[in-house]
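First comes the structure, then the notes that go with it.
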Amino acid sequence: MVKIYVLDTNVLIQAPHAVECFEDNQVILPMVVLEELDRLKKAEGDRGSNARQAVRILEQFRQKGNLLSGVEMEGGGTLRVEKNFVDVSLPEDLAAEVPDNRILKVCLGLSRDRSEQVILVTKDILLRIKAQILGICAEDFTTEQVFDHEKQYKGRTEVYVPEEIFKEFKKKGIPCEEVYQVDESGKRTEVQLTENQFVILRADQSSGKTHLGRVEGERIRKLEYKKSAPYGIHPRNAGQYFLQEALMQPAKNAPLVIVKGMAGTSKTFYSLAVGLEKVLNNPTGEYRRILVCRPNAQFDSDIGFLPGDEQEKISPLMRPVIDNLEQLIDSSEEERYRDEKELQGKIEEIFSRGLIQTEALNYIRGRSIVKTYMIIDEAQNMTPGQIKGIITRAGKDTKIILLGDPDQIDRPFLDERTNGLSYASEHMKGSPLCWQITMTAEECERSVLAMDAVRRL
């Protein structure tokens, strides 16, 4: 049965191609959506860029036919602009001139005039609630959604290894087919392993024997950088050993690293430590510089109102990076803050020499970044389109590190299933060019208080 999907503006702002994602059904754009696209097309950042792209897509359909009558799409459905139903009545407490309410008018009018099911598609939760109150079926745009956070790919697993081959691991690795897991009933089960997945191996007859490895082809092999100490930092838990392995690998082996985990699991700290080791401490020419971006919700809107040049505008958003650098530049906790000016001078020198650069997400678009160790912090605040744009900016010998916590999202219309970090994680799963690791709450190293809060709150 053919359905009628009425699209809200925010769907097109997140995914300009959304009109083509509804197969052989009818897609309706209320006139107010065109008005909002017109208002947003001159906006800065991704909102403006996506609005312009959506307008160009609509222009392509307009050239094929009359959008008021309906234009056929490749999937078999039709796209139509709806300018009627301005006289449809709403409850008195819903102002008729509000754009969201004008969309509701269209949905109500179509429901009364058509036999097909009418579905409002919007990223706005409150609009979905208002639609339900009025008896209108409403849904989120699910094309770019992934699994719930708990079901998403973690990049790590634990397995058991037969005692008789456990000792062979360090010399030649262990075939993936030889390892197994145990279900709740104690029954032995097969393990589905993924390329580059990190593995904790346990000897099945000796509970105290463990190894750390990584899936490579049909075998689980030992970590190459287990004994490394980038910029003097030593791993403190299994997650950090896995994180160090992914970060230390050269860009030709691991050009994309995705790290998910709660605050305090040393994601940014360790990424900076490895970057400083590669660029400053042990320069081999592998990378020219460290480039740090912290794509916050403010990057696309409020950054233009902050005073100063680009660096001065984004410096408040980069403060967490500076905090981590303070700990890395002077590893002595007792001496670190005795001379604040000296510490600040060391950090300023690193920036003045161009070894570390910081940029807003806005300024990445259109560039090709070569021989760069690139850290994207707070990547959960990016849309899938932004993530794709960042990864496709990677030039030769560039390593991109995406860091973030899908449970801490500050950007409107994104959640744990639609944010760019989770989207990249699920879609890059299994790629030989992508290494992933999810840090656990037990691997929080921020402070005794932070760890206690993890257990209690």
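Ligands are numbered from 1 in the order shown, residues from 1 within each chain, and chains are lettered A, B, ... in the order they appear in the structure tokens.
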Report as a PyMOL selection string: the residues of region 109-289 of chain A with a DSSP assignment of strand (DSSP E or B), based on the backbone of this structure.
-> chain A and resi 117-121+137-139+156-161+174-175+180-182+188-189+198-203+210-216+219-222+256-260+289
Store the residues picked out above in a file with C-alpha atoms, as a PDB file, in the first residue's frame.
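As written to disk, part.pdb reads:
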ATOM      1  CA  GLN A 117      -1.808   6.637   5.315  1.00  0.00           C
ATOM      2  CA  VAL A 118      -0.186  10.017   5.998  1.00  0.00           C
ATOM      3  CA  ILE A 119       3.073   9.981   7.974  1.00  0.00           C
ATOM      4  CA  LEU A 120       4.937  13.048   9.204  1.00  0.00           C
ATOM      5  CA  VAL A 121       8.724  12.592   9.122  1.00  0.00           C
ATOM      6  CA  CYS A 137       1.251   9.330  12.568  1.00  0.00           C
ATOM      7  CA  ALA A 138       4.792  10.697  13.028  1.00  0.00           C
ATOM      8  CA  GLU A 139       8.223   9.093  12.652  1.00  0.00           C
ATOM      9  CA  ARG A 156      36.684  -5.696  21.197  1.00  0.00           C
ATOM     10  CA  THR A 157      35.650  -9.035  22.643  1.00  0.00           C
ATOM     11  CA  GLU A 158      36.784 -11.780  25.030  1.00  0.00           C
ATOM     12  CA  VAL A 159      37.325 -15.401  23.993  1.00  0.00           C
ATOM     13  CA  TYR A 160      38.628 -18.667  25.390  1.00  0.00           C
ATOM     14  CA  VAL A 161      41.568 -20.523  23.872  1.00  0.00           C
ATOM     15  CA  ILE A 174      46.057 -18.419  16.918  1.00  0.00           C
ATOM     16  CA  PRO A 175      43.561 -19.361  14.180  1.00  0.00           C
ATOM     17  CA  TYR A 180      35.219 -19.838  21.455  1.00  0.00           C
ATOM     18  CA  GLN A 181      32.880 -18.235  23.978  1.00  0.00           C
ATOM     19  CA  VAL A 182      30.561 -19.666  26.607  1.00  0.00           C
ATOM     20  CA  ARG A 188      30.494 -23.606  24.122  1.00  0.00           C
ATOM     21  CA  THR A 189      29.593 -21.295  21.207  1.00  0.00           C
ATOM     22  CA  PHE A 198      40.715  -6.465  19.470  1.00  0.00           C
ATOM     23  CA  VAL A 199      40.595  -9.621  21.549  1.00  0.00           C
ATOM     24  CA  ILE A 200      41.293 -10.597  25.149  1.00  0.00           C
ATOM     25  CA  LEU A 201      42.287 -14.270  25.043  1.00  0.00           C
ATOM     26  CA  ARG A 202      41.898 -16.441  28.129  1.00  0.00           C
ATOM     27  CA  ALA A 203      43.341 -19.938  28.547  1.00  0.00           C
ATOM     28  CA  THR A 210      45.546 -13.928  29.332  1.00  0.00           C
ATOM     29  CA  HIS A 211      46.892 -12.421  26.128  1.00  0.00           C
ATOM     30  CA  LEU A 212      45.876  -9.330  24.156  1.00  0.00           C
ATOM     31  CA  GLY A 213      45.541  -9.639  20.394  1.00  0.00           C
ATOM     32  CA  ARG A 214      43.955  -8.369  17.215  1.00  0.00           C
ATOM     33  CA  VAL A 215      42.160 -10.117  14.370  1.00  0.00           C
ATOM     34  CA  GLU A 216      44.174 -10.072  11.152  1.00  0.00           C
ATOM     35  CA  ARG A 219      44.307 -15.362  12.726  1.00  0.00           C
ATOM     36  CA  ILE A 220      44.507 -13.489  16.011  1.00  0.00           C
ATOM     37  CA  ARG A 221      47.947 -11.936  16.345  1.00  0.00           C
ATOM     38  CA  LYS A 222      49.772 -10.245  19.206  1.00  0.00           C
ATOM     39  CA  LEU A 256      41.045   5.682  10.384  1.00  0.00           C
ATOM     40  CA  VAL A 257      40.707   5.054  14.130  1.00  0.00           C
ATOM     41  CA  ILE A 258      37.341   5.310  15.906  1.00  0.00           C
ATOM     42  CA  VAL A 259      37.364   5.517  19.706  1.00  0.00           C
ATOM     43  CA  LYS A 260      34.157   5.603  21.737  1.00  0.00           C
ATOM     44  CA  ARG A 289      51.701  18.160  12.218  1.00  0.00           C
TER      45      ARG A 289
END
Within 8 Å of region 269-274 of chain A, counting only C-alpha atoms, which residues qualify if same-chain residues fewer than 6 places away don't, as a ChimeraX atom specification?
-> /A:230-231,233,243-244,247-248,324-325,328,375,401
Could you write those residues out with C-alpha atoms, as a PDB file, in the first residue's frame?
ATOM      1  CA  PRO A 230      54.309   7.183  23.631  1.00  0.00           C
ATOM      2  CA  TYR A 231      55.531  10.457  25.110  1.00  0.00           C
ATOM      3  CA  ILE A 233      52.740   7.314  28.793  1.00  0.00           C
ATOM      4  CA  LEU A 243      43.924   2.187  21.994  1.00  0.00           C
ATOM      5  CA  GLN A 244      47.710   2.542  21.893  1.00  0.00           C
ATOM      6  CA  LEU A 247      47.024   4.977  17.384  1.00  0.00           C
ATOM      7  CA  MET A 248      50.648   3.872  16.990  1.00  0.00           C
ATOM      8  CA  ASN A 324      45.497  17.428  28.305  1.00  0.00           C
ATOM      9  CA  LEU A 325      48.603  19.107  26.891  1.00  0.00           C
ATOM     10  CA  LEU A 328      51.612  15.679  28.791  1.00  0.00           C
ATOM     11  CA  ILE A 375      42.133  14.315  15.893  1.00  0.00           C
ATOM     12  CA  ILE A 401      41.097   9.723  14.794  1.00  0.00           C
TER      13      ILE A 401
END
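The closest residue to Phe22 (chain A), picked from A:Leu449, A:Val6, A:Met439, A:Ile387 and counting only C-alpha atoms, is A:Val6.
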Residue neighbourhood Phe61 (chain A), 7 Å, only C-alpha atoms, exclusion window fewer than 4 positions, as a ChimeraX atom specification = /A:57,65,71
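Using only C-alpha atoms, the smallest distance between any of A:Ala96, A:Ala43, A:Ile356, A:Ala54 and Val279 (chain A) comes from A:Ile356.
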Within 10 Å of Asp405 (chain A), counting only C-alpha atoms, which residues show up once you throw out same-chain ones fewer than 4 positions away? Write them as a PDB file with C-alpha atoms, in the first residue's frame, please.
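Contents of around_0.pdb, as written:
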ATOM      1  CA  HIS A 149      24.302   2.233  21.698  1.00  0.00           C
ATOM      2  CA  VAL A 259      37.364   5.517  19.706  1.00  0.00           C
ATOM      3  CA  LYS A 260      34.157   5.603  21.737  1.00  0.00           C
ATOM      4  CA  GLY A 261      33.907   5.832  25.498  1.00  0.00           C
ATOM      5  CA  MET A 262      32.793   7.940  28.429  1.00  0.00           C
ATOM      6  CA  ALA A 263      34.710  10.939  29.742  1.00  0.00           C
ATOM      7  CA  LYS A 267      40.658   9.119  24.607  1.00  0.00           C
ATOM      8  CA  ASP A 377      37.299  15.309  19.412  1.00  0.00           C
ATOM      9  CA  GLU A 378      33.622  15.173  20.479  1.00  0.00           C
ATOM     10  CA  ALA A 379      32.754  13.530  17.144  1.00  0.00           C
ATOM     11  CA  GLN A 380      29.354  12.465  18.508  1.00  0.00           C
ATOM     12  CA  ASN A 381      28.232  16.048  17.820  1.00  0.00           C
ATOM     13  CA  ILE A 409      25.322  14.642  22.578  1.00  0.00           C
ATOM     14  CA  GLU A 416      22.872   7.866  20.025  1.00  0.00           C
ATOM     15  CA  LEU A 421      30.399   8.856  15.339  1.00  0.00           C
ATOM     16  CA  SER A 422      28.026   5.902  15.716  1.00  0.00           C
ATOM     17  CA  THR A 438      35.155   1.234  22.786  1.00  0.00           C
ATOM     18  CA  MET A 439      36.533   2.054  26.223  1.00  0.00           C
TER      19      MET A 439
END
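Taking only C-alpha atoms into account, Glu97 (chain A) lies nearest to A:Val32 out of the set A:Val191, A:Leu40, A:Val32, A:Leu276.
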Ser89 (chain A) surroundings by only C-alpha atoms, 9 Å radius, close-in-sequence under 3 positions cut, as a PyMOL selection string = chain A and resi 86+92+96+105+108
How many Å separate CA of Gly75 (chain A) from CA of Val55 (chain A)?
-> 19.7 Å
Please provide as a ChimeraX atom specification all residues within 8 Å of Tyr373 (chain A), with the sequence filter that same-chain residues fewer than 3 positions apart are discarded (counting only C-alpha atoms).
-> /A:275,287-291,398-401
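The residue that comes closest to Gly77 (chain A), out of A:Ile129, A:Leu402, A:Ile28, A:Ile390 and on the basis of only C-alpha atoms, is A:Ile28.
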Have a look at CA of Arg56 (chain A) and CA of Arg411 (chain A) and let me know their distance in Å, one decimal.
-> 25.6 Å
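CA of Gly395 (chain A) sits 7.2 Å away from CA of Lys371 (chain A).
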Fewer than 2 positions away in the same chain doesn't count, so skip those; otherwise give me all residues within 9 Å of Pro412 (chain A), counting only C-alpha atoms, as a list of chain:residue names.
-> A:Lys123, A:Asp124, A:Ala297, A:Ile409, A:Asp410, A:Leu414, A:Asp415
